Amino acid sequence: MALALLALLLCLPSALAAQVVRGVVRESASGRPAAGVLVALVDATSAERRTVLTDETGQFSIAAPRAGTFTIETKRIGVRPALTPSFSLAAGQTREIDVSVAAVVPRLAAVGAWAGPARLPGVVGVVDH
């Protein structure tokens, strides 16, 4: 009985070994770490997603549910969404994947300003008392 328990305990760490994907998200123009980016590990077969946010140094770490083929998707307000090429992850493997994201430059419509009394559509005149 004790021998069977010992054999089980020796096998347990390898059975519990998780697959992990970790890396750093950086802004492509400056190379600075991108904090607060939503990083999703997407299973190519089932489309199951595991998501985390990058920390203040742009780092992330995600445990994969199983070995397989995955992609990384990144999203954050102010940066363009990014998608990595698919990659394989073996049982117990830790994989380093760094991602670059490009800032989105908002384009605002021109705004005009003028001095004088406001003119509202449909209002002919204003009576001042």
# chains A, B, ... in the order shown; residues from 1 in each chain; ligands from 1
>>> residues_around(residues="Phe60 (chain A)", least_positions_apart="5", cutoff="9 Å", atoms="only C-alpha atoms", output="number ranges by chain")
A: 21-25, 39, 52-55
>>> residues_around(residues="region 26-37 of chain A", least_positions_apart="5", cutoff="7 Å", atoms="only C-alpha atoms", output="list of chain:residue names")
A:Leu53, A:Thr54, A:Asp55, A:Glu56, A:Thr57, A:Gly58, A:Thr74, A:Lys75, A:Arg76, A:Val99, A:Ser100, A:Val101, A:Ala102
>>> write_last_selection(atoms="N, CA, C and O atoms", output="mmCIF file, in the first residue's frame")
data_model
loop_
_atom_site.group_PDB
_atom_site.id
_atom_site.type_symbol
_atom_site.label_atom_id
_atom_site.label_comp_id
_atom_site.auth_asym_id
_atom_site.auth_seq_id
_atom_site.Cartn_x
_atom_site.Cartn_y
_atom_site.Cartn_z
ATOM 1 N N LEU A 53 -4.921 40.858 -17.426
ATOM 2 C CA LEU A 53 -4.448 42.210 -17.736
ATOM 3 C C LEU A 53 -2.951 42.276 -17.508
ATOM 4 O O LEU A 53 -2.432 41.667 -16.564
ATOM 5 N N THR A 54 -2.259 43.046 -18.342
ATOM 6 C CA THR A 54 -0.830 43.251 -18.104
ATOM 7 C C THR A 54 -0.651 44.129 -16.876
ATOM 8 O O THR A 54 -1.496 44.968 -16.563
ATOM 9 N N ASP A 55 0.452 43.925 -16.166
ATOM 10 C CA ASP A 55 0.749 44.742 -14.991
ATOM 11 C C ASP A 55 1.423 46.049 -15.420
ATOM 12 O O ASP A 55 1.524 46.337 -16.616
ATOM 13 N N GLU A 56 1.892 46.838 -14.471
ATOM 14 C CA GLU A 56 2.491 48.143 -14.777
ATOM 15 C C GLU A 56 3.775 48.026 -15.601
ATOM 16 O O GLU A 56 4.209 48.991 -16.214
ATOM 17 N N THR A 57 4.379 46.840 -15.644
ATOM 18 C CA THR A 57 5.581 46.627 -16.460
ATOM 19 C C THR A 57 5.261 45.936 -17.784
ATOM 20 O O THR A 57 6.171 45.496 -18.483
ATOM 21 N N GLY A 58 3.957 45.814 -18.102
ATOM 22 C CA GLY A 58 3.533 45.196 -19.351
ATOM 23 C C GLY A 58 3.571 43.676 -19.350
ATOM 24 O O GLY A 58 3.301 43.040 -20.365
ATOM 25 N N THR A 74 -4.615 40.833 -28.091
ATOM 26 C CA THR A 74 -4.483 41.940 -27.137
ATOM 27 C C THR A 74 -5.436 43.064 -27.508
ATOM 28 O O THR A 74 -5.654 43.327 -28.695
ATOM 29 N N LYS A 75 -5.993 43.712 -26.473
ATOM 30 C CA LYS A 75 -6.913 44.836 -26.675
ATOM 31 C C LYS A 75 -6.743 45.834 -25.530
ATOM 32 O O LYS A 75 -6.528 45.437 -24.390
ATOM 33 N N ARG A 76 -6.868 47.118 -25.865
ATOM 34 C CA ARG A 76 -6.914 48.183 -24.865
ATOM 35 C C ARG A 76 -7.352 49.460 -25.566
ATOM 36 O O ARG A 76 -7.003 49.678 -26.731
ATOM 37 N N VAL A 99 4.591 40.815 -27.270
ATOM 38 C CA VAL A 99 3.648 41.381 -28.227
ATOM 39 C C VAL A 99 3.879 42.885 -28.322
ATOM 40 O O VAL A 99 4.086 43.550 -27.307
ATOM 41 N N SER A 100 3.836 43.420 -29.547
ATOM 42 C CA SER A 100 3.910 44.867 -29.761
ATOM 43 C C SER A 100 2.526 45.366 -30.155
ATOM 44 O O SER A 100 1.839 44.730 -30.955
ATOM 45 N N VAL A 101 2.146 46.503 -29.580
ATOM 46 C CA VAL A 101 0.866 47.117 -29.926
ATOM 47 C C VAL A 101 1.125 48.536 -30.420
ATOM 48 O O VAL A 101 2.032 49.210 -29.958
ATOM 49 N N ALA A 102 0.310 48.970 -31.383
ATOM 50 C CA ALA A 102 0.459 50.307 -31.965
ATOM 51 C C ALA A 102 -0.610 51.229 -31.399
ATOM 52 O O ALA A 102 -1.777 50.855 -31.298
#
>>> atom_distance(atom1="CA of Phe70 (chain A)", atom2="CA of Thr45 (chain A)")
8.2 Å
>>> residues_around(residues="Glu73 (chain A)", least_positions_apart="6", cutoff="9 Å", atoms="only C-alpha atoms", output="PyMOL selection string")
chain A and resi 38-42+81-84
>>> write_last_selection(atoms="C-alpha atoms", output="PDB file, in the first residue's frame")
ATOM      1  CA  LEU A  38      -6.286  42.767 -21.966  1.00  0.00           C
ATOM      2  CA  VAL A  39      -4.391  39.659 -23.100  1.00  0.00           C
ATOM      3  CA  ALA A  40      -6.397  36.601 -24.183  1.00  0.00           C
ATOM      4  CA  LEU A  41      -5.003  33.121 -24.784  1.00  0.00           C
ATOM      5  CA  VAL A  42      -7.329  31.604 -27.401  1.00  0.00           C
ATOM      6  CA  PRO A  81      -5.972  45.141 -31.302  1.00  0.00           C
ATOM      7  CA  ALA A  82      -3.183  42.661 -32.063  1.00  0.00           C
ATOM      8  CA  LEU A  83      -3.249  38.945 -32.883  1.00  0.00           C
ATOM      9  CA  THR A  84      -0.182  36.705 -32.828  1.00  0.00           C
TER      10      THR A  84
END
>>> closest_residue(among="A:Ile77, A:Val104, A:Ala110, A:Ala91", to="Pro65 (chain A)", atoms="only C-alpha atoms")
A:Ala91
>>> atom_distance(atom1="CA of Arg49 (chain A)", atom2="CA of Ala103 (chain A)")
24.2 Å
>>> closest_residue(among="A:Ala67, A:Val105, A:Glu96, A:Ile62", to="Arg80 (chain A)", atoms="only C-alpha atoms")
A:Val105
